[in-house]
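Q: Below is the file query-v4.pdb, which contains PDB, C-alpha atoms and all ligand atoms.
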ATOM      1  CA  MET X  54     198.149 109.382 156.633  1.00  0.00           C
ATOM      2  CA  SER X  55     197.968 106.227 154.518  1.00  0.00           C
ATOM      3  CA  LYS X  56     196.989 102.870 156.068  1.00  0.00           C
ATOM      4  CA  LYS X  57     200.588 101.730 155.817  1.00  0.00           C
ATOM      5  CA  GLU X  58     201.881 104.874 157.553  1.00  0.00           C
ATOM      6  CA  HIS X  59     199.232 104.489 160.260  1.00  0.00           C
ATOM      7  CA  TRP X  60     200.305 100.942 161.128  1.00  0.00           C
ATOM      8  CA  ASP X  61     204.041 101.645 160.762  1.00  0.00           C
ATOM      9  CA  ASN X  62     203.590 104.544 163.169  1.00  0.00           C
ATOM     10  CA  ILE X  63     201.829 102.307 165.731  1.00  0.00           C
ATOM     11  CA  TYR X  64     204.527  99.646 165.539  1.00  0.00           C
ATOM     12  CA  SER X  65     207.255 102.331 165.768  1.00  0.00           C
ATOM     13  CA  THR X  66     205.830 103.982 168.884  1.00  0.00           C
ATOM     14  CA  LYS X  67     204.021 101.337 170.974  1.00  0.00           C
ATOM     15  CA  THR X  68     205.278  98.333 172.883  1.00  0.00           C
ATOM     16  CA  LEU X  69     203.456  94.987 172.978  1.00  0.00           C
ATOM     17  CA  GLN X  70     201.923  95.934 176.323  1.00  0.00           C
ATOM     18  CA  GLU X  71     200.551  99.163 174.835  1.00  0.00           C
ATOM     19  CA  VAL X  72     198.505  97.561 172.040  1.00  0.00           C
ATOM     20  CA  SER X  73     195.088  96.148 172.848  1.00  0.00           C
ATOM     21  CA  TRP X  74     195.355  93.055 170.650  1.00  0.00           C
ATOM     22  CA  HIS X  75     198.512  91.526 172.136  1.00  0.00           C
ATOM     23  CA  GLN X  76     198.288  87.956 173.445  1.00  0.00           C
ATOM     24  CA  PRO X  77     201.305  86.145 174.936  1.00  0.00           C
ATOM     25  CA  ILE X  78     199.724  82.886 173.759  1.00  0.00           C
ATOM     26  CA  PRO X  79     197.145  83.102 170.938  1.00  0.00           C
ATOM     27  CA  LYS X  80     195.245  80.152 172.407  1.00  0.00           C
ATOM     28  CA  ILE X  81     192.014  80.228 170.391  1.00  0.00           C
ATOM     29  CA  SER X  82     193.807  80.548 167.039  1.00  0.00           C
ATOM     30  CA  LEU X  83     196.254  77.845 168.026  1.00  0.00           C
ATOM     31  CA  ASP X  84     193.521  75.468 169.220  1.00  0.00           C
ATOM     32  CA  PHE X  85     191.639  75.883 165.942  1.00  0.00           C
ATOM     33  CA  ILE X  86     194.737  75.213 163.837  1.00  0.00           C
ATOM     34  CA  LEU X  87     195.997  72.274 165.921  1.00  0.00           C
ATOM     35  CA  SER X  88     192.549  70.661 165.961  1.00  0.00           C
ATOM     36  CA  LEU X  89     192.671  70.414 162.148  1.00  0.00           C
ATOM     37  CA  GLY X  90     195.390  67.757 162.534  1.00  0.00           C
ATOM     38  CA  LEU X  91     197.078  68.782 159.283  1.00  0.00           C
ATOM     39  CA  PRO X  92     200.492  67.485 158.169  1.00  0.00           C
ATOM     40  CA  LYS X  93     203.256  69.624 159.673  1.00  0.00           C
ATOM     41  CA  ASP X  94     204.391  70.811 156.244  1.00  0.00           C
ATOM     42  CA  SER X  95     200.972  72.254 155.355  1.00  0.00           C
ATOM     43  CA  PRO X  96     201.259  75.866 154.190  1.00  0.00           C
ATOM     44  CA  ILE X  97     199.738  78.256 156.734  1.00  0.00           C
ATOM     45  CA  ILE X  98     199.428  82.025 156.299  1.00  0.00           C
ATOM     46  CA  ASP X  99     198.785  84.516 159.108  1.00  0.00           C
ATOM     47  CA  VAL X 100     197.193  87.490 157.350  1.00  0.00           C
ATOM     48  CA  GLY X 101     197.865  90.773 159.170  1.00  0.00           C
ATOM     49  CA  GLY X 102     199.962  88.753 161.583  1.00  0.00           C
ATOM     50  CA  GLY X 103     201.995  91.808 162.625  1.00  0.00           C
ATOM     51  CA  ASP X 104     204.251  90.759 165.467  1.00  0.00           C
ATOM     52  CA  SER X 105     201.775  88.171 166.800  1.00  0.00           C
ATOM     53  CA  PHE X 106     203.260  85.201 168.674  1.00  0.00           C
ATOM     54  CA  LEU X 107     201.154  82.735 166.645  1.00  0.00           C
ATOM     55  CA  VAL X 108     204.095  81.753 164.427  1.00  0.00           C
ATOM     56  CA  ASP X 109     206.292  81.165 167.488  1.00  0.00           C
ATOM     57  CA  SER X 110     203.717  78.683 168.814  1.00  0.00           C
ATOM     58  CA  LEU X 111     203.290  77.020 165.409  1.00  0.00           C
ATOM     59  CA  LEU X 112     207.068  76.650 165.014  1.00  0.00           C
ATOM     60  CA  ASN X 113     207.165  75.054 168.484  1.00  0.00           C
ATOM     61  CA  GLU X 114     204.463  72.637 167.348  1.00  0.00           C
ATOM     62  CA  GLY X 115     206.669  71.616 164.416  1.00  0.00           C
ATOM     63  CA  TYR X 116     204.944  73.397 161.511  1.00  0.00           C
ATOM     64  CA  THR X 117     207.476  74.093 158.773  1.00  0.00           C
ATOM     65  CA  ASP X 118     205.702  76.154 156.084  1.00  0.00           C
ATOM     66  CA  LEU X 119     204.620  79.381 157.745  1.00  0.00           C
ATOM     67  CA  THR X 120     203.946  82.752 156.129  1.00  0.00           C
ATOM     68  CA  VAL X 121     203.226  86.071 157.842  1.00  0.00           C
ATOM     69  CA  LEU X 122     201.751  88.894 155.760  1.00  0.00           C
ATOM     70  CA  ASP X 123     201.346  92.428 157.048  1.00  0.00           C
ATOM     71  CA  ILE X 124     200.910  95.921 155.638  1.00  0.00           C
ATOM     72  CA  SER X 125     203.516  97.201 158.116  1.00  0.00           C
ATOM     73  CA  LYS X 126     207.188  96.607 157.380  1.00  0.00           C
ATOM     74  CA  VAL X 127     207.961  97.817 160.912  1.00  0.00           C
ATOM     75  CA  ALA X 128     205.734  95.076 162.390  1.00  0.00           C
ATOM     76  CA  ILE X 129     207.483  92.427 160.313  1.00  0.00           C
ATOM     77  CA  GLU X 130     210.928  93.740 161.333  1.00  0.00           C
ATOM     78  CA  ARG X 131     209.875  93.575 164.995  1.00  0.00           C
ATOM     79  CA  ALA X 132     208.684  89.994 164.601  1.00  0.00           C
ATOM     80  CA  LYS X 133     211.960  89.042 162.870  1.00  0.00           C
ATOM     81  CA  ILE X 134     214.020  90.521 165.719  1.00  0.00           C
ATOM     82  CA  ARG X 135     211.926  88.628 168.296  1.00  0.00           C
ATOM     83  CA  LEU X 136     212.274  85.334 166.445  1.00  0.00           C
ATOM     84  CA  ALA X 137     216.036  85.849 165.994  1.00  0.00           C
ATOM     85  CA  LYS X 138     217.520  82.796 164.252  1.00  0.00           C
ATOM     86  CA  ASN X 139     214.058  81.300 163.738  1.00  0.00           C
ATOM     87  CA  ALA X 140     213.073  84.302 161.588  1.00  0.00           C
ATOM     88  CA  ASN X 141     214.521  82.677 158.486  1.00  0.00           C
ATOM     89  CA  LYS X 142     212.106  79.735 158.921  1.00  0.00           C
ATOM     90  CA  ILE X 143     209.185  82.073 158.111  1.00  0.00           C
ATOM     91  CA  ASN X 144     208.139  83.499 154.735  1.00  0.00           C
ATOM     92  CA  TRP X 145     207.560  87.223 155.274  1.00  0.00           C
ATOM     93  CA  ILE X 146     205.348  89.306 152.988  1.00  0.00           C
ATOM     94  CA  VAL X 147     204.838  93.066 153.303  1.00  0.00           C
ATOM     95  CA  SER X 148     201.578  93.812 151.498  1.00  0.00           C
ATOM     96  CA  ASP X 149     198.174  95.362 151.868  1.00  0.00           C
ATOM     97  CA  ILE X 150     195.886  92.335 151.889  1.00  0.00           C
ATOM     98  CA  THR X 151     193.436  94.174 149.644  1.00  0.00           C
ATOM     99  CA  ASN X 152     196.117  94.262 146.880  1.00  0.00           C
ATOM    100  CA  PHE X 153     197.559  90.831 147.560  1.00  0.00           C
ATOM    101  CA  LEU X 154     197.887  88.445 144.624  1.00  0.00           C
ATOM    102  CA  PRO X 155     198.761  85.081 146.213  1.00  0.00           C
ATOM    103  CA  GLU X 156     201.545  83.266 144.360  1.00  0.00           C
ATOM    104  CA  ARG X 157     200.717  79.976 146.037  1.00  0.00           C
ATOM    105  CA  ILE X 158     197.826  78.352 147.838  1.00  0.00           C
ATOM    106  CA  TYR X 159     197.571  77.820 151.569  1.00  0.00           C
ATOM    107  CA  SER X 160     195.970  75.025 153.600  1.00  0.00           C
ATOM    108  CA  VAL X 161     195.102  77.480 156.375  1.00  0.00           C
ATOM    109  CA  TRP X 162     194.330  81.193 156.061  1.00  0.00           C
ATOM    110  CA  HIS X 163     194.377  82.703 159.553  1.00  0.00           C
ATOM    111  CA  ASP X 164     193.221  86.248 160.317  1.00  0.00           C
ATOM    112  CA  ARG X 165     192.726  87.625 163.802  1.00  0.00           C
ATOM    113  CA  ALA X 166     191.629  91.254 164.081  1.00  0.00           C
ATOM    114  CA  VAL X 167     192.398  92.358 160.506  1.00  0.00           C
ATOM    115  CA  PHE X 168     189.312  91.753 158.343  1.00  0.00           C
ATOM    116  CA  HIS X 169     187.216  93.998 160.615  1.00  0.00           C
ATOM    117  CA  PHE X 170     189.324  97.039 159.618  1.00  0.00           C
ATOM    118  CA  LEU X 171     188.064  96.783 156.033  1.00  0.00           C
ATOM    119  CA  ARG X 172     185.024  99.017 155.770  1.00  0.00           C
ATOM    120  CA  LYS X 173     184.613  99.730 152.056  1.00  0.00           C
ATOM    121  CA  GLU X 174     182.706  97.139 150.052  1.00  0.00           C
ATOM    122  CA  GLN X 175     185.449  97.193 147.401  1.00  0.00           C
ATOM    123  CA  GLU X 176     188.178  96.394 149.982  1.00  0.00           C
ATOM    124  CA  ILE X 177     186.119  93.574 151.481  1.00  0.00           C
ATOM    125  CA  ASN X 178     185.521  92.098 148.033  1.00  0.00           C
ATOM    126  CA  SER X 179     189.243  92.316 147.174  1.00  0.00           C
ATOM    127  CA  TYR X 180     190.073  90.528 150.428  1.00  0.00           C
ATOM    128  CA  LEU X 181     187.536  87.794 149.668  1.00  0.00           C
ATOM    129  CA  LYS X 182     189.002  87.391 146.183  1.00  0.00           C
ATOM    130  CA  SER X 183     192.543  86.961 147.587  1.00  0.00           C
ATOM    131  CA  LEU X 184     191.161  84.527 150.158  1.00  0.00           C
ATOM    132  CA  ASN X 185     189.519  82.482 147.436  1.00  0.00           C
ATOM    133  CA  ASN X 186     192.600  82.529 145.172  1.00  0.00           C
ATOM    134  CA  GLY X 187     194.976  81.830 148.050  1.00  0.00           C
ATOM    135  CA  THR X 188     193.327  78.791 149.617  1.00  0.00           C
ATOM    136  CA  ALA X 189     193.487  75.146 148.593  1.00  0.00           C
ATOM    137  CA  ALA X 190     190.406  73.208 147.436  1.00  0.00           C
ATOM    138  CA  ASP X 191     189.841  71.854 150.953  1.00  0.00           C
ATOM    139  CA  GLY X 192     191.570  74.841 152.606  1.00  0.00           C
ATOM    140  CA  ARG X 193     190.505  76.193 155.969  1.00  0.00           C
ATOM    141  CA  LEU X 194     189.754  79.732 157.064  1.00  0.00           C
ATOM    142  CA  VAL X 195     190.267  80.664 160.734  1.00  0.00           C
ATOM    143  CA  LEU X 196     188.866  84.180 161.147  1.00  0.00           C
ATOM    144  CA  GLY X 197     188.470  86.257 164.300  1.00  0.00           C
ATOM    145  CA  THR X 198     186.729  89.660 164.181  1.00  0.00           C
ATOM    146  CA  PHE X 199     185.188  91.982 166.730  1.00  0.00           C
ATOM    147  CA  ALA X 200     181.747  90.612 167.587  1.00  0.00           C
ATOM    148  CA  GLU X 201     178.492  92.549 167.328  1.00  0.00           C
ATOM    149  CA  ASN X 202     179.010  93.648 170.958  1.00  0.00           C
ATOM    150  CA  GLY X 203     182.744  94.289 170.490  1.00  0.00           C
ATOM    151  CA  PRO X 204     184.587  97.633 170.237  1.00  0.00           C
ATOM    152  CA  ILE X 205     183.537 100.081 167.538  1.00  0.00           C
ATOM    153  CA  ARG X 206     187.061 101.446 167.129  1.00  0.00           C
ATOM    154  CA  CYS X 207     190.575 100.099 167.491  1.00  0.00           C
ATOM    155  CA  CYS X 208     193.797 102.138 167.491  1.00  0.00           C
ATOM    156  CA  ALA X 209     191.932 105.232 166.252  1.00  0.00           C
ATOM    157  CA  LEU X 210     190.289 103.409 163.326  1.00  0.00           C
ATOM    158  CA  ASP X 211     186.597 102.611 162.966  1.00  0.00           C
ATOM    159  CA  VAL X 212     185.897  98.924 162.495  1.00  0.00           C
ATOM    160  CA  LYS X 213     183.045  96.764 161.234  1.00  0.00           C
ATOM    161  CA  ARG X 214     181.667  94.373 163.842  1.00  0.00           C
ATOM    162  CA  TYR X 215     180.414  90.927 162.811  1.00  0.00           C
ATOM    163  CA  SER X 216     177.852  88.555 164.293  1.00  0.00           C
ATOM    164  CA  PHE X 217     178.206  84.892 163.257  1.00  0.00           C
ATOM    165  CA  ASN X 218     175.324  85.500 160.882  1.00  0.00           C
ATOM    166  CA  ASP X 219     177.154  88.474 159.307  1.00  0.00           C
ATOM    167  CA  LEU X 220     180.303  86.367 158.870  1.00  0.00           C
ATOM    168  CA  GLU X 221     178.272  83.600 157.256  1.00  0.00           C
ATOM    169  CA  LYS X 222     176.813  86.141 154.821  1.00  0.00           C
ATOM    170  CA  LYS X 223     180.293  87.436 153.878  1.00  0.00           C
ATOM    171  CA  ILE X 224     182.079  84.133 153.362  1.00  0.00           C
ATOM    172  CA  GLY X 225     179.228  81.644 152.961  1.00  0.00           C
ATOM    173  CA  ASP X 226     179.426  81.445 149.159  1.00  0.00           C
ATOM    174  CA  GLN X 227     183.069  80.330 149.358  1.00  0.00           C
ATOM    175  CA  PHE X 228     183.310  78.600 152.740  1.00  0.00           C
ATOM    176  CA  LEU X 229     181.200  76.375 154.964  1.00  0.00           C
ATOM    177  CA  ILE X 230     181.433  77.270 158.661  1.00  0.00           C
ATOM    178  CA  GLU X 231     182.472  74.305 160.808  1.00  0.00           C
ATOM    179  CA  LYS X 232     182.971  75.929 164.217  1.00  0.00           C
ATOM    180  CA  MET X 233     182.134  79.239 165.900  1.00  0.00           C
ATOM    181  CA  ILE X 234     183.377  80.552 169.221  1.00  0.00           C
ATOM    182  CA  ASN X 235     182.763  83.846 170.985  1.00  0.00           C
ATOM    183  CA  SER X 236     185.786  84.808 173.021  1.00  0.00           C
ATOM    184  CA  ILE X 237     186.428  87.672 175.408  1.00  0.00           C
ATOM    185  CA  HIS X 238     189.948  88.982 174.932  1.00  0.00           C
ATOM    186  CA  GLN X 239     191.539  90.598 178.018  1.00  0.00           C
ATOM    187  CA  THR X 240     193.706  93.415 176.713  1.00  0.00           C
ATOM    188  CA  PRO X 241     197.114  94.095 178.307  1.00  0.00           C
ATOM    189  CA  PHE X 242     195.440  97.051 180.057  1.00  0.00           C
ATOM    190  CA  ASN X 243     192.653  94.931 181.585  1.00  0.00           C
ATOM    191  CA  THR X 244     189.756  95.878 179.359  1.00  0.00           C
ATOM    192  CA  GLU X 245     187.647  93.328 177.495  1.00  0.00           C
ATOM    193  CA  GLN X 246     186.981  92.874 173.778  1.00  0.00           C
ATOM    194  CA  SER X 247     184.351  90.498 172.441  1.00  0.00           C
ATOM    195  CA  PHE X 248     185.564  88.518 169.400  1.00  0.00           C
ATOM    196  CA  ASN X 249     183.736  86.083 167.144  1.00  0.00           C
ATOM    197  CA  PHE X 250     185.944  83.343 165.708  1.00  0.00           C
ATOM    198  CA  ILE X 251     184.947  80.953 162.971  1.00  0.00           C
ATOM    199  CA  GLN X 252     186.634  77.975 161.368  1.00  0.00           C
ATOM    200  CA  ALA X 253     185.383  77.237 157.853  1.00  0.00           C
ATOM    201  CA  ILE X 254     186.238  74.852 155.018  1.00  0.00           C
ATOM    202  CA  LYS X 255     186.332  75.817 151.353  1.00  0.00           C
ATOM    203  CA  ARG X 256     183.253  74.614 149.462  1.00  0.00           C
TER     204      ARG X 256
HETATM  205  C1  LIG I 301     194.895  94.584 165.515  1.00  0.00           C
HETATM  206  S1  LIG I 301     196.378  94.098 164.754  1.00  0.00           S
HETATM  207  C2  LIG I 301     196.295  92.324 164.905  1.00  0.00           C
HETATM  208  C3  LIG I 301     197.645  91.673 164.744  1.00  0.00           C
HETATM  209  C4  LIG I 301     197.635  90.141 164.822  1.00  0.00           C
HETATM  210  N1  LIG I 301     196.747  89.554 163.832  1.00  0.00           N
HETATM  211  C5  LIG I 301     197.280  89.671 166.201  1.00  0.00           C
HETATM  212  O1  LIG I 301     196.218  89.075 166.387  1.00  0.00           O
HETATM  213  O2  LIG I 301     198.087  89.894 167.118  1.00  0.00           O
HETATM  214  C6  LIG I 301     195.983  94.358 163.037  1.00  0.00           C
HETATM  215  C7  LIG I 301     197.124  94.007 162.126  1.00  0.00           C
HETATM  216  O3  LIG I 301     196.672  94.055 160.781  1.00  0.00           O
HETATM  217  C8  LIG I 301     197.612  94.738 159.990  1.00  0.00           C
HETATM  218  N2  LIG I 301     196.834  95.319 158.872  1.00  0.00           N
HETATM  219  C9  LIG I 301     195.897  96.285 158.959  1.00  0.00           C
HETATM  220  N3  LIG I 301     195.359  96.524 157.749  1.00  0.00           N
HETATM  221  C10 LIG I 301     195.978  95.668 156.888  1.00  0.00           C
HETATM  222  C11 LIG I 301     195.876  95.441 155.499  1.00  0.00           C
HETATM  223  N4  LIG I 301     195.009  96.142 154.734  1.00  0.00           N
HETATM  224  N5  LIG I 301     196.651  94.500 154.934  1.00  0.00           N
HETATM  225  C12 LIG I 301     197.533  93.788 155.688  1.00  0.00           C
HETATM  226  N6  LIG I 301     197.679  93.980 157.015  1.00  0.00           N
HETATM  227  C13 LIG I 301     196.910  94.898 157.610  1.00  0.00           C
HETATM  228  C14 LIG I 301     198.247  95.740 160.928  1.00  0.00           C
HETATM  229  O4  LIG I 301     199.498  96.201 160.514  1.00  0.00           O
HETATM  230  C15 LIG I 301     198.306  94.945 162.227  1.00  0.00           C
HETATM  231  O5  LIG I 301     199.481  94.200 162.312  1.00  0.00           O
END
Translate the structure described by the file into structure tokens.

A:
Amino acid sequence: MSKKEHWDNIYSTKTLQEVSWHQPIPKISLDFILSLGLPKDSPIIDVGGGDSFLVDSLLNEGYTDLTVLDISKVAIERAKIRLAKNANKINWIVSDITNFLPERIYSVWHDRAVFHFLRKEQEINSYLKSLNNGTAADGRLVLGTFAENGPIRCCALDVKRYSFNDLEKKIGDQFLIEKMINSIHQTPFNTEQSFNFIQAIKR
């Protein structure tokens, strides 16, 4: 099964309450983005956003230039149905992030629980290249991955876990870390997942 088929299959067969990553309010991501105090028309991309509620919260906060990218067309269709008439306020992109050639630059590149699925060096490097090409000169990265004591697998896929030091090593040439937070995510089925979040500014 290809990566795309894997994720389409998950989004075709599981409800929000049946996926570990669901959050009714993505508080940490939202707090990071709001604390930047950017103009409301700043371009923000949620990479691997799936049907996350982050864009709903950002729309409520008045942000007007929002993009959601995901490998799964099914995830994007689900998010569009949920957002109903607000769906046309979002730019939707169906793409594998490791093949993504950004056509514009973003002020904020947000990724929660996507980067850690990339395990091959080549995929990680492609992601970092897109990140570099797709962010403005003073652009921000808000990245949340499983921490060093987080799960080793998610939805039947092995993941790479990252300490803050590991994250610094991966993105440190391009970005300067401004904030780091460890956060314990309570899954909809009452288990815990340790995440490391960083906010970083482009060098
Ligand atoms: C664990 S979910 C997290 C979803 C969302 N970021 C959130 O926090 O609710 C991982 C998401 O990444 C997407 N994804 C996985 N690999 C991807 C890739 N190579 N390119 C783009 N999206 C990908 C999946 O379809 C899924 O929506």

Q: Could you tell me how far atom CA of X:Leu171 lies from atom CA of X:Ser183, in Å and to one decimal?

A: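 So the two atoms, atom CA of X:Leu171 and atom CA of X:Ser183, lie 13.7 Å apart.
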
Q: One decimal, in Å: what's the spacing between atom CA of X:Lys213 and atom CA of X:Phe170?

A: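 Computing the Euclidean distance for atom CA of X:Lys213 and atom CA of X:Phe170 yields 6.5 Å.
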
Q: 8 Å from ligand LIG 301 (chain I) is the threshold here; counting only C-alpha atoms and all ligand atoms, which polymer residues fall inside it? Answer as a ChimeraX atom specification.

A: /X:56-57,60-61,64,73-76,79,99-107,122-125,128,147-151,164-168,170-171,207-208

Q: For each of X:Met54, X:Leu91, X:Leu210, X:Ile143, take the minimum atom-to-atom distance to X:Val121, counting only C-alpha atoms, then give the residue where this is smallest.

A: X:Ile143

Q: What residues come out when you apply the PyMOL selection byres (((chain X and resi 251) around 12) and not hetatm) to this file, written as an NGL selection string?

A: :X and (81-82 or 84-86 or 162-165 or 193-200 or 215-221 or 224-225 or 228-236 or 248-250 or 252-254)
